[in-house]
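Q: Just passing along the structure, written as structure tokens.
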Amino acid sequence: MYLRDDEKAMLDGKEGLAVQKAMEMLVRYGEALGAEKLVDTNNVGGYMIADKVQMERFGSFNKVFSELSIDSDTAIEFPKVKVGSCQFETPMDPDYYHLAGKTKEDYDLYQKNMEFLANMGIQLMCTCTPYQVGNVPVKGEHCAWMESSAVVYINSVLGARTNCEGRESTTSAMLTGKIPYWGYHIPENRLGTHLVEVECDIKTAKDWGLLGYYVGKIVQDKVPVINNIKHNPAMDMIKHFGAAAASAGGIEMYHIPGITAEANSLQDAFGKNKPRELITFGKKEKEETYEILNSIGKKTEVDFVMLGCPHYSIDQIWNLCKMIEGKKVKDGVNFWVFAAQSIKDLAVRNGFEKIINDFGGLLMRDCCPALGRFKPEGSTVMATDSAKQGHYLPNMTGIEAWYGSTQECVDAAVTGRWGGKL
Amino acid sequence: MYLRDDEKAMLDGKEGLAVQKAMEMLVRYGEALGAEKLVDTNNVGGYMIADKVQMERFGSFNKVFSELSIDSDTAIEFPKVKVGSCQFETPMDPDYYHLAGKTKEDYDLYQKNMEFLANMGIQLMCTCTPYQVGNVPVKGEHCAWMESSAVVYINSVLGARTNCEGRESTTSAMLTGKIPYWGYHIPENRLGTHLVEVECDIKTAKDWGLLGYYVGKIVQDKVPVINNIKHNPAMDMIKHFGAAAASAGGIEMYHIPGITAEANSLQDAFGKNKPRELITFGKKEKEETYEILNSIGKKTEVDFVMLGCPHYSIDQIWNLCKMIEGKKVKDGVNFWVFAAQSIKDLAVRNGFEKIINDFGGLLMRDCCPALGRFKPEGSTVMATDSAKQGHYLPNMTGIEAWYGSTQECVDAAVTGRWGGKL
Amino acid sequence: MGKIILHGRKVVGGCVEGEALVTTETISGWGGIDPKEGTIIDLRHELAGEKFAGKVLVYQGAKGSSGWSGQFHEARLNNVAPLAMVFNETTTKIALGAVVTRVPAVTDLDQDPTKVIATGDWVKVDGDNGIVEVTKK
Amino acid sequence: MGKIILHGRKVVGGCVEGEALVTTETISGWGGIDPKEGTIIDLRHELAGEKFAGKVLVYQGAKGSSGWSGQFHEARLNNVAPLAMVFNETTTKIALGAVVTRVPAVTDLDQDPTKVIATGDWVKVDGDNGIVEVTKK
Ligand code: F3S
Ligand code: F3S
């Protein structure tokens, strides 16, 4: 892999041991990819959280992150980050850690971790949706982000350029401002590979989740072009679509002519590519996908409702409030809504959190049950409006899962019973 | 103007008096424009703040807003908004109202106003940059936003569709979910009209401000296409460019091939249009623009530094902190940084506010001096990194203004003297 | 002197006549006018300091902030609004502003009114029919 | 039985041999494996419940979350990592994951390894030279 003079200098240790170890990691990674060179980035989204087990094993944040965040056997002392960097979602809400089965000790470690990150200059966004709380990359901007749903969003909707990175590559990028010039950083790799003809009406967030899950499952990690969308999606719908596609498969980029940043037309979407495959999504495929997503559910006695995957926007919170105002959750049902802290702050200012609390629910921040591997104590059957959460949480916690609309989830919370249908 | 059945029903009062009056306003407005019809919107950004004089004149929020926000002589009682709606920037920071020359009475009115808005379901974003705090419209989405810098941003960078609305049209849209189908809602009106060849290096936020101001002044309210940009701008640079262009002129949309949402090429940008004019921006034009923006400044004894127009992002706050850490503002210089509350909350969490406070500055939220018509008591010479603020605040408060880079503003705060140069 | 008659499009109806205040430049609302005094406060404007209250305002169009309509709305409430508006460029800012100012307004004229009309000329604006009648001073 | 020799590209160097665990499906890291036990936990996966620890993992590629590398990194620290990785689809997830798992890894083979190799086959992986030697069981 070709290195520029500034990159060689970092590799030689001229900017200190931490930057050197980070550059070494990036070289190993770039060579594993077969990348020709590195590219500059000013926008890195990563994950630098140490859990109790890791802290016990390594003894300090510097040691934990040397091993786990830049893959270095040599312990380094982390300097301030070199470029704009943010922390993605974390494993717990510091206000409700006890509900995640976490202890005061976990909480104290978390707070110290946040302090460590703040001192490095890492922005404590603590969400899977940085683009909802201030980090909105511009078309063509080279980024280095983790979080599959965020990656697919900024690549497709905003036209930024990132691969789905990991904790070791993102921390290395924070310290160097570099990432391998590979995959979706290269224009020709961003062109469509599969044509998906949509032959049914895609109107609701639930529809978008089903479409995304199906497309992800079929296309896996290529670039689908979604044709014949008749209703302009709102941000939350397209957010959900991408998250679903990135969970069922490994979609990091898609095109919807007229809607995604780089495709004003089918021709823009495919460029010089010929579609490798024509896929149709009609009533039958929609039904099949609904069945797959609800295949982990057998019992209909819902005791847990999870909303906010990806993290809820303020619009989603507002729409939820309109559904729950004046109602009450059934005794024994935990109703948890997840959002970024910034969005939660706004919800508090707007009185929306109170509406959720009066309903018998909680508005949580910083985390989600899949990432934190937690669920309400004793809960066995979840209802969620997220295809992604429905895909992951059963794997993580053994819980049964029903996927449906937000309204169906609210109804389940009020009655204690899943009645969702297509 | 053609009205659909649901629109006729609103006009006939079938959804209540408030919706009827709002629809009447929209019909007057649509006819004044010569619009053929109305279009649906689910995303409205408006301004519903009553000042003391207005409250004294009208007596209640319902009465103030009936006159000033939907242009109705008949007082109505405002129901909850029908579609996703947010409040733009306000005239004061509730925590520092005294620094804006506001009283406890003003503060109390403000808090009641916020409560009134919250009860309507209007999202209290209180910023000129909703796209930095969760409202990030999708390409093709029909919006109804105020705030010239926000309008130009979402039209150009994100590919959403809005005209530069006013308080009367936005409140009407909140209540009806409608806005005239005119101007930038119509695809052909979004095509470029003027070609701007950039013949000098545009790298910094200061450069982008100069380019924007020049383009706005020349092109006024048409659609410029900026060609030959060699460095991909970050969000804050392009935010500044649009704000400057919308202040010096009335730019509501521009294209930069490869960067703005609808232009992958010059051809996309112009479509069937031939450029009406070829404009060049070179060293000479840059110098001229710098002179114009600094023409209100004579004295070099700076006593006020204003940063955050449009509202600062967390990246801008972080970059600022790197410039000021360990330094101190000169006695007698007020150093005010403006951001959305959500961004400020994050700055607090990250320890960035403390760095600003230790420097001797303040991080303010919800407002700006131009909108609130305030400046630090007794201050006469401002330094700002914003072309827009430099354009407006002298008109608003009679203050002298120097425009330069953020670093130059920091230096002025530390020395008390403007030393900026091109 | 003879009259000059210009034909355009109705923006807001009504019929008034009065003295013209003319500029070839665009006018800002927010940061461009003082809605209490009815004056132009944009320091870089050719009409800086001039009072538009009670005048037939003839201008290129609206520029700058979305507070445009709000400022002219305030001016009306303070009884310092222009008598009428005649302009070249229609934008949402100027259309909304004209509507809430509630004065006769005409645009899309068959001649550029900023060239035909001079400050001080006597102008009759028939908003309903889109007619502007100019009696030179 | 004769050996089958596949040629591909080095991802991570080193040379090991062991028993194969094969799937034609992609594998999730986050939510797909248990990094403490070295097993596949994706309930919808054809290898649900299977233990990959100490096996030559032959698969289509990586899917899902960006926590992919982190999970395999943890597996290595818990000594339950695969012995080697042989896969078809290169993504950043799988490349980074292979690097931090620190096991020989090969891709871009001249034949589809998920079709040529079966679970239980004995496989030698020469990462440095990109050679995969298969002895059928
Ligand atoms: S990280 Fe976010 S995208 Fe879903 S699985 Fe957790 S809420
Ligand atoms: S409203 Fe915002 S764009 Fe500037 S003039 Fe005030 S900070």
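Letters A, B, ... mark the chains of the structure tokens in the order given; residue numbers begin at 1 per chain; ligand numbers begin at 1, in order shown.
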Taking the backbone alone, and naming residues the way the document does, which bits of stretch 84-142 of chain B are helix (DSSP H, G or I) by DSSP, as an MDAnalysis selection string?

A: chainID B and resid 97:100 104:120 130:132

Q: Distance cut-off 6 Å, counting only C-alpha atoms - which residues of chain B neighbour chain C? Return them as a list in words.

A: Tyr29, Ala32, Leu33, Met146, Glu147, Ser148, Cys164, Glu165, Gly166, Ala246, Ser247, Gly249, Gly250, Tyr392, Asn395 and Met396 of chain B

Q: Compile the contact shell of B:Ala412 as a CSV table (one decimal) with N, CA, C and O atoms, in the first residue's frame: residues with an atom at most 12 Å away, counting only C-alpha atoms, same-chain residues fewer than 6 positions apart removed.

A:
```csv
chain,number,residue,atom,x,y,z
B,300,THR,N,-10.4,49.7,15.7
B,300,THR,CA,-9.9,48.3,15.8
B,300,THR,C,-9.9,47.8,17.2
B,300,THR,O,-9.4,46.7,17.5
B,301,GLU,N,-10.4,48.6,18.1
B,301,GLU,CA,-10.5,48.2,19.5
B,301,GLU,C,-11.8,47.3,19.7
B,301,GLU,O,-12.9,47.8,19.8
B,302,VAL,N,-11.6,46.0,19.6
B,302,VAL,CA,-12.8,45.1,19.6
B,302,VAL,C,-13.2,44.9,21.1
B,302,VAL,O,-12.4,44.6,21.9
B,303,ASP,N,-14.5,45.1,21.3
B,303,ASP,CA,-15.1,44.8,22.6
B,303,ASP,C,-16.2,43.7,22.6
B,303,ASP,O,-16.8,43.4,23.6
B,304,PHE,N,-16.4,43.2,21.4
B,304,PHE,CA,-17.4,42.1,21.3
B,304,PHE,C,-17.0,41.1,20.2
B,304,PHE,O,-16.7,41.5,19.1
B,305,VAL,N,-17.0,39.9,20.6
B,305,VAL,CA,-16.8,38.8,19.6
B,305,VAL,C,-18.0,37.9,19.5
B,305,VAL,O,-18.5,37.4,20.6
B,306,MET,N,-18.6,37.8,18.4
B,306,MET,CA,-19.8,37.0,18.1
B,306,MET,C,-19.5,35.9,17.2
B,306,MET,O,-19.1,36.0,16.1
B,324,ILE,N,-8.8,28.2,22.1
B,324,ILE,CA,-8.8,29.1,23.3
B,324,ILE,C,-8.3,28.4,24.6
B,324,ILE,O,-8.2,29.1,25.6
B,328,LYS,N,-7.0,33.5,27.9
B,328,LYS,CA,-8.0,34.4,28.6
B,328,LYS,C,-8.4,35.5,27.7
B,328,LYS,O,-7.6,36.1,27.0
B,329,VAL,N,-9.7,35.8,27.8
B,329,VAL,CA,-10.2,37.0,27.1
B,329,VAL,C,-9.7,38.3,27.7
B,329,VAL,O,-9.5,38.3,28.9
B,330,LYS,N,-9.5,39.3,26.9
B,330,LYS,CA,-9.0,40.6,27.5
B,330,LYS,C,-10.2,41.2,28.2
B,330,LYS,O,-11.3,41.2,27.8
B,331,ASP,N,-9.8,41.8,29.4
B,331,ASP,CA,-10.8,42.5,30.2
B,331,ASP,C,-11.6,43.5,29.3
B,331,ASP,O,-11.0,44.3,28.6
B,332,GLY,N,-12.9,43.4,29.4
B,332,GLY,CA,-13.7,44.4,28.7
B,332,GLY,C,-14.2,43.8,27.4
B,332,GLY,O,-15.1,44.5,26.7
B,333,VAL,N,-13.8,42.7,27.0
B,333,VAL,CA,-14.2,42.1,25.7
B,333,VAL,C,-15.3,41.0,26.1
B,333,VAL,O,-15.0,40.1,26.9
B,334,ASN,N,-16.5,41.1,25.5
B,334,ASN,CA,-17.5,40.1,25.6
B,334,ASN,C,-17.3,39.1,24.5
B,334,ASN,O,-17.3,39.4,23.3
B,335,PHE,N,-17.2,37.8,24.9
B,335,PHE,CA,-17.0,36.7,23.9
B,335,PHE,C,-18.2,35.8,24.0
B,335,PHE,O,-18.3,35.0,24.9
B,381,VAL,N,-17.6,47.8,18.9
B,381,VAL,CA,-16.9,47.1,17.8
B,381,VAL,C,-16.9,45.6,18.0
B,381,VAL,O,-16.4,45.1,18.9
B,382,MET,N,-17.5,45.0,17.0
B,382,MET,CA,-17.7,43.5,17.0
B,382,MET,C,-16.7,42.9,16.0
B,382,MET,O,-16.4,43.4,15.0
B,383,ALA,N,-16.2,41.7,16.4
B,383,ALA,CA,-15.5,40.8,15.5
B,383,ALA,C,-16.4,39.5,15.3
B,383,ALA,O,-16.9,39.0,16.3
B,384,THR,N,-16.5,39.1,14.1
B,384,THR,CA,-17.3,37.9,13.9
B,384,THR,C,-16.7,37.0,12.8
B,384,THR,O,-16.1,37.6,11.8
B,385,ASP,N,-16.9,35.7,12.9
B,385,ASP,CA,-16.5,34.8,11.8
B,385,ASP,C,-17.6,34.5,10.8
B,385,ASP,O,-17.5,33.7,10.0
B,402,TRP,N,-16.2,43.7,12.2
B,402,TRP,CA,-15.0,43.1,11.5
B,402,TRP,C,-15.3,41.7,11.2
B,402,TRP,O,-15.8,40.9,12.1
B,403,TYR,N,-15.1,41.3,9.9
B,403,TYR,CA,-15.3,39.9,9.5
B,403,TYR,C,-14.0,39.2,9.2
B,403,TYR,O,-13.1,39.7,8.5
B,404,GLY,N,-13.8,38.0,9.8
B,404,GLY,CA,-12.6,37.3,9.6
B,404,GLY,C,-12.7,35.8,10.0
B,404,GLY,O,-13.8,35.3,10.2
B,405,SER,N,-11.6,35.2,10.2
B,405,SER,CA,-11.6,33.8,10.6
B,405,SER,C,-11.9,33.6,12.1
B,405,SER,O,-11.8,34.6,12.8
B,406,THR,N,-12.2,32.4,12.5
B,406,THR,CA,-12.5,32.2,13.9
B,406,THR,C,-11.2,32.5,14.7
B,406,THR,O,-11.2,33.1,15.7
B,418,TRP,N,-8.5,44.2,16.6
B,418,TRP,CA,-8.7,43.5,15.4
B,418,TRP,C,-7.4,43.6,14.5
B,418,TRP,O,-6.9,44.6,14.2
B,419,GLY,N,-6.9,42.4,14.1
B,419,GLY,CA,-5.7,42.3,13.3
B,419,GLY,C,-6.0,41.5,12.1
B,419,GLY,O,-5.0,41.1,11.4
B,420,GLY,N,-7.2,41.3,11.8
B,420,GLY,CA,-7.6,40.4,10.6
B,420,GLY,C,-7.1,41.0,9.3
B,420,GLY,O,-7.1,42.2,9.1
```

Q: Can you tell me which residues sit at most 6 Å away from ligand 1, counting only C-alpha atoms and all ligand atoms, written as a PyMOL selection string?

A: chain A and resi 89+128+149+308-311+368+370-371+389

Q: Those residues you just picked out, can you put them in a file as a JSON list (two decimals), in the first residue's frame with C-alpha atoms?

A:
```json
[["chain", "number", "residue", "atom", "x", "y", "z"],
["A", 89, "GLU", "CA", -24.33, 4.19, 20.99],
["A", 128, "CYS", "CA", -26.60, 5.32, 16.45],
["A", 149, "SER", "CA", -27.54, 1.72, 10.00],
["A", 308, "GLY", "CA", -36.40, 3.64, 18.89],
["A", 309, "CYS", "CA", -34.15, 1.48, 16.73],
["A", 310, "PRO", "CA", -32.43, 3.35, 15.13],
["A", 311, "HIS", "CA", -32.82, 5.95, 17.85],
["A", 368, "CYS", "CA", -30.30, 0.13, 23.26],
["A", 370, "ALA", "CA", -29.31, -5.09, 21.54],
["A", 371, "LEU", "CA", -26.07, -3.19, 22.05],
["A", 389, "GLN", "CA", -34.29, -4.79, 16.75]]
```

Q: Between B:Asp366, B:Asp315, B:Glu400, B:Asp51, which residue has the minimum interatomic distance to chain A, considering only C-alpha atoms?

A: B:Asp315

Q: Between chain A and chain B, at 7 Å or less, what are the per-residue closest atom pairs and their distances in Å? Count only C-alpha atoms, order by chain and rising residue number, and return it as a Markdown table.

A:
```
| residue | atom | partner | partner_atom | distance |
| --- | --- | --- | --- | --- |
| A:Gly84 | CA | B:Asp315 | CA | 6.3 |
| A:Ala118 | CA | B:Asn350 | CA | 4.9 |
| A:Gln123 | CA | B:Asn350 | CA | 6.5 |
| A:Leu124 | CA | B:Asn350 | CA | 6.4 |
| A:Gln132 | CA | B:Gly134 | CA | 4.0 |
| A:Val133 | CA | B:Val133 | CA | 4.6 |
| A:Gly134 | CA | B:Gln132 | CA | 4.0 |
| A:Asn135 | CA | B:Gln132 | CA | 7.0 |
| A:Val136 | CA | B:Met235 | CA | 7.0 |
| A:Pro137 | CA | B:Met235 | CA | 6.2 |
| A:Val138 | CA | B:Met235 | CA | 5.7 |
| A:Lys139 | CA | B:Ile259 | CA | 5.0 |
| A:Gly140 | CA | B:Ile259 | CA | 6.2 |
| A:Glu141 | CA | B:Asn232 | CA | 6.6 |
| A:Asn232 | CA | B:Glu141 | CA | 6.6 |
| A:Ala234 | CA | B:Val138 | CA | 6.2 |
| A:Met235 | CA | B:Val138 | CA | 5.7 |
| A:Gly258 | CA | B:Gly140 | CA | 6.9 |
| A:Ile259 | CA | B:Lys139 | CA | 5.0 |
| A:Thr260 | CA | B:Lys139 | CA | 6.7 |
| A:Ala261 | CA | B:Ala261 | CA | 5.1 |
| A:Glu262 | CA | B:Asn264 | CA | 6.7 |
| A:Asn264 | CA | B:Glu262 | CA | 6.7 |
| A:Ser313 | CA | B:Gly134 | CA | 6.5 |
| A:Ile314 | CA | B:Gly134 | CA | 7.0 |
| A:Asp315 | CA | B:Gly84 | CA | 6.3 |
| A:Ser342 | CA | B:Ser342 | CA | 5.0 |
| A:Leu346 | CA | B:Leu124 | CA | 6.8 |
| A:Asn350 | CA | B:Ala118 | CA | 4.9 |
| A:Gly351 | CA | B:Ala118 | CA | 6.8 |
```

Q: With N, CA, C and O atoms retained, write the just-selected residues as a short mmCIF file (atom, residue, chain, number, x, y, z; two decimals), in the first residue's frame.

A:
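So out.cif came out as:
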```cif
data_model
loop_
_atom_site.label_atom_id
_atom_site.label_comp_id
_atom_site.auth_asym_id
_atom_site.auth_seq_id
_atom_site.Cartn_x
_atom_site.Cartn_y
_atom_site.Cartn_z
N GLY A 84 -12.48 15.60 13.88
CA GLY A 84 -13.83 15.50 14.44
C GLY A 84 -14.23 14.05 14.66
O GLY A 84 -14.25 13.26 13.71
N ALA A 118 -14.32 12.45 26.75
CA ALA A 118 -14.43 13.91 26.67
C ALA A 118 -13.05 14.55 26.64
O ALA A 118 -12.78 15.48 25.88
N GLN A 123 -16.76 13.53 20.76
CA GLN A 123 -18.09 14.09 21.02
C GLN A 123 -19.03 13.01 21.53
O GLN A 123 -19.26 12.01 20.86
N LEU A 124 -19.56 13.24 22.73
CA LEU A 124 -20.36 12.22 23.42
C LEU A 124 -21.80 12.19 22.91
O LEU A 124 -22.75 12.39 23.67
N GLN A 132 -28.76 12.87 13.38
CA GLN A 132 -29.94 13.48 14.01
C GLN A 132 -29.55 14.42 15.14
O GLN A 132 -30.42 15.05 15.72
N VAL A 133 -28.27 14.47 15.46
CA VAL A 133 -27.87 15.33 16.57
C VAL A 133 -26.66 16.19 16.24
O VAL A 133 -25.90 16.57 17.12
N GLY A 134 -26.48 16.50 14.95
CA GLY A 134 -25.47 17.48 14.60
C GLY A 134 -24.36 17.04 13.69
O GLY A 134 -23.63 17.89 13.17
N ASN A 135 -24.18 15.76 13.51
CA ASN A 135 -23.13 15.31 12.60
C ASN A 135 -23.76 14.85 11.29
O ASN A 135 -24.12 13.69 11.13
N VAL A 136 -23.92 15.81 10.38
CA VAL A 136 -24.60 15.57 9.10
C VAL A 136 -23.59 15.75 7.98
O VAL A 136 -23.42 16.86 7.47
N PRO A 137 -22.88 14.68 7.62
CA PRO A 137 -21.84 14.85 6.60
C PRO A 137 -22.38 15.32 5.26
O PRO A 137 -23.52 15.06 4.91
N VAL A 138 -21.52 16.02 4.54
CA VAL A 138 -21.86 16.59 3.24
C VAL A 138 -21.54 15.57 2.14
O VAL A 138 -20.63 14.76 2.29
N LYS A 139 -22.29 15.62 1.06
CA LYS A 139 -22.06 14.75 -0.09
C LYS A 139 -20.58 14.78 -0.49
O LYS A 139 -19.98 15.85 -0.64
N GLY A 140 -19.99 13.61 -0.66
CA GLY A 140 -18.59 13.50 -1.07
C GLY A 140 -17.59 13.49 0.07
O GLY A 140 -16.39 13.27 -0.15
N GLU A 141 -18.06 13.73 1.28
CA GLU A 141 -17.17 13.79 2.44
C GLU A 141 -16.69 12.38 2.83
O GLU A 141 -17.51 11.48 3.02
N ASN A 232 -42.68 9.80 -1.41
CA ASN A 232 -41.44 10.28 -0.82
C ASN A 232 -41.34 9.89 0.65
O ASN A 232 -42.23 10.22 1.43
N ALA A 234 -40.17 10.02 4.53
CA ALA A 234 -39.62 10.94 5.50
C ALA A 234 -38.34 10.33 6.06
O ALA A 234 -38.09 9.13 5.89
N MET A 235 -37.56 11.13 6.70
CA MET A 235 -36.28 10.70 7.26
C MET A 235 -36.40 9.40 8.07
O MET A 235 -35.59 8.49 7.94
N GLY A 258 -34.10 9.92 -7.36
CA GLY A 258 -34.84 11.10 -6.94
C GLY A 258 -34.80 11.34 -5.44
O GLY A 258 -35.18 12.41 -4.98
N ILE A 259 -34.36 10.34 -4.69
CA ILE A 259 -34.38 10.46 -3.23
C ILE A 259 -32.99 10.37 -2.62
O ILE A 259 -32.65 11.18 -1.76
N THR A 260 -32.19 9.42 -3.05
CA THR A 260 -30.83 9.34 -2.49
C THR A 260 -29.91 10.32 -3.21
O THR A 260 -30.16 10.70 -4.36
N ALA A 261 -28.85 10.72 -2.51
CA ALA A 261 -28.03 11.86 -2.92
C ALA A 261 -27.40 11.75 -4.30
O ALA A 261 -27.24 12.75 -5.00
N GLU A 262 -26.98 10.55 -4.69
CA GLU A 262 -26.22 10.42 -5.93
C GLU A 262 -27.03 9.94 -7.12
O GLU A 262 -26.51 9.83 -8.22
N ASN A 264 -30.15 10.88 -9.37
CA ASN A 264 -31.31 11.61 -9.86
C ASN A 264 -32.13 10.73 -10.80
O ASN A 264 -33.27 11.04 -11.10
N SER A 313 -36.37 9.86 16.41
CA SER A 313 -36.28 11.30 16.19
C SER A 313 -37.32 11.99 17.05
O SER A 313 -38.21 11.35 17.61
N ILE A 314 -37.25 13.32 17.10
CA ILE A 314 -38.24 14.06 17.87
C ILE A 314 -39.63 13.93 17.21
O ILE A 314 -40.65 13.88 17.89
N ASP A 315 -39.64 13.81 15.87
CA ASP A 315 -40.91 13.58 15.17
C ASP A 315 -41.54 12.26 15.58
O ASP A 315 -42.75 12.17 15.76
N SER A 342 -29.58 14.31 23.11
CA SER A 342 -30.04 15.61 22.58
C SER A 342 -31.52 15.59 22.24
O SER A 342 -32.23 16.57 22.47
N LEU A 346 -34.72 17.56 24.14
CA LEU A 346 -35.76 18.31 23.45
C LEU A 346 -37.15 17.77 23.83
O LEU A 346 -38.10 18.53 24.00
N ASN A 350 -40.15 19.83 25.52
CA ASN A 350 -41.46 19.89 24.88
C ASN A 350 -42.58 19.22 25.68
O ASN A 350 -43.73 19.20 25.23
N GLY A 351 -42.24 18.62 26.83
CA GLY A 351 -43.26 17.92 27.60
C GLY A 351 -43.59 16.54 27.08
O GLY A 351 -44.51 15.88 27.58
#
```

Q: Using only C-alpha atoms, which residues sit within 10 Å of D:Glu19 once same-chain residues fewer than 4 positions away are excluded, as a list in words?

A: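 Near D:Glu19, the qualifying residues are Phe52, Gly54, Lys55, Val56, Leu57, Leu83, Ala84, Ala118, Thr119, Gly120, Asp121, Trp122, Val123, Lys124, Val134, Thr135 and Lys137 of chain D.
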
Q: Can you work out the spacing between atom CA of B:Gly361 and atom CA of B:Lys327 in Å, to one decimal?

A: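 So the answer is 10.9 Å.
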
Q: Could you give me, as a list in words, the residues within 12 Å of B:Lys112, counting only C-alpha atoms and dropping anything in the same chain fewer than 5 positions from it?

A: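 Using only C-alpha atoms, the neighbours found are Met48, Ile49, Ala50, Asp51, Lys52, Met55, Ser60, Phe61, Pro94, Glu105, Asp106, Tyr107, Leu117, Ala118 and Asn119 of chain B.
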
Q: Among stretch 133-327 of chain A, which residues does DSSP mark as strand (DSSP E or B) when it is run on the backbone? Keep the chain and numbering as in the structure and answer as a PDB file with C-alpha atoms, in the first residue's frame.

A:
```pdb
ATOM      1  CA  HIS A 142     -14.848  10.941   3.381  1.00  0.00           C
ATOM      2  CA  CYS A 143     -15.921   9.600   6.753  1.00  0.00           C
ATOM      3  CA  ALA A 144     -14.943   6.635   8.928  1.00  0.00           C
ATOM      4  CA  TRP A 145     -18.062   5.501  10.757  1.00  0.00           C
ATOM      5  CA  ARG A 161     -18.373   8.153   1.769  1.00  0.00           C
ATOM      6  CA  CYS A 164     -18.737   0.005   7.688  1.00  0.00           C
ATOM      7  CA  LYS A 178      -6.725   8.512   7.827  1.00  0.00           C
ATOM      8  CA  ILE A 179      -8.715   5.520   6.607  1.00  0.00           C
ATOM      9  CA  PRO A 180      -8.108   3.048   3.736  1.00  0.00           C
ATOM     10  CA  HIS A 194     -29.131  -5.027  -8.379  1.00  0.00           C
ATOM     11  CA  LEU A 195     -32.438  -3.633  -9.586  1.00  0.00           C
ATOM     12  CA  VAL A 196     -35.343  -3.949  -7.156  1.00  0.00           C
ATOM     13  CA  GLU A 197     -38.730  -3.295  -8.724  1.00  0.00           C
ATOM     14  CA  VAL A 198     -41.272  -2.372  -6.091  1.00  0.00           C
ATOM     15  CA  PRO A 224     -29.457  -2.281  -4.636  1.00  0.00           C
ATOM     16  CA  VAL A 225     -31.357   0.263  -6.686  1.00  0.00           C
ATOM     17  CA  ILE A 226     -34.927   0.609  -5.472  1.00  0.00           C
ATOM     18  CA  ASN A 227     -37.260   1.548  -8.306  1.00  0.00           C
ATOM     19  CA  HIS A 255     -29.988   4.136  -4.442  1.00  0.00           C
ATOM     20  CA  GLU A 277     -30.197  -9.339 -11.052  1.00  0.00           C
ATOM     21  CA  LEU A 278     -33.764  -8.104 -11.243  1.00  0.00           C
ATOM     22  CA  ILE A 279     -35.579  -8.499  -7.944  1.00  0.00           C
ATOM     23  CA  THR A 280     -39.232  -7.804  -7.412  1.00  0.00           C
ATOM     24  CA  PHE A 281     -40.848  -6.825  -4.153  1.00  0.00           C
ATOM     25  CA  GLU A 301     -48.606 -12.019  25.762  1.00  0.00           C
ATOM     26  CA  PHE A 304     -41.898  -5.559  26.628  1.00  0.00           C
ATOM     27  CA  VAL A 305     -42.263  -2.888  23.973  1.00  0.00           C
ATOM     28  CA  MET A 306     -39.041  -1.527  22.465  1.00  0.00           C
ATOM     29  CA  LEU A 307     -39.265   1.598  20.275  1.00  0.00           C
ATOM     30  CA  GLY A 308     -36.400   3.636  18.887  1.00  0.00           C
ATOM     31  CA  CYS A 309     -34.149   1.481  16.732  1.00  0.00           C
ATOM     32  CA  PRO A 310     -32.435   3.349  15.134  1.00  0.00           C
ATOM     33  CA  HIS A 311     -32.816   5.950  17.850  1.00  0.00           C
ATOM     34  CA  TYR A 312     -36.113   7.817  17.655  1.00  0.00           C
TER      35      TYR A 312
END
```

Q: Do a neighbour search on A:Leu11 at 7 Å with only C-alpha atoms, toss out local chain neighbours closer than 5 positions, and write the hits as a PyMOL selection string.

A: chain A and resi 20+23-24

Q: Quick one: of B:Tyr290, B:Pro257, B:His98, B:Gly372, who's nearest to ligand 2, counting only C-alpha atoms and all ligand atoms?

A: B:Gly372

Q: Report, in Å to a single decimal, how far apart atom CA of D:Asn88 and atom CA of D:Asp112 are.

A: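 Between atom CA of D:Asp112 and atom CA of D:Asn88 the gap works out to 6.9 Å.
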
Q: When you draw a straight line from atom CA of B:Arg167 to atom CA of B:Lys222, how long is it in Å?

A: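 Pair atom CA of B:Arg167 / atom CA of B:Lys222 returns 22.7 Å.
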
Q: For D:Asp126, which residue out of D:Gln111, D:Asn78, D:Pro104, D:Glu37 is the nearest one, using only C-alpha atoms?

A: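 Nearest candidate to D:Asp126 out of D:Gln111, D:Asn78, D:Pro104, D:Glu37: D:Pro104.
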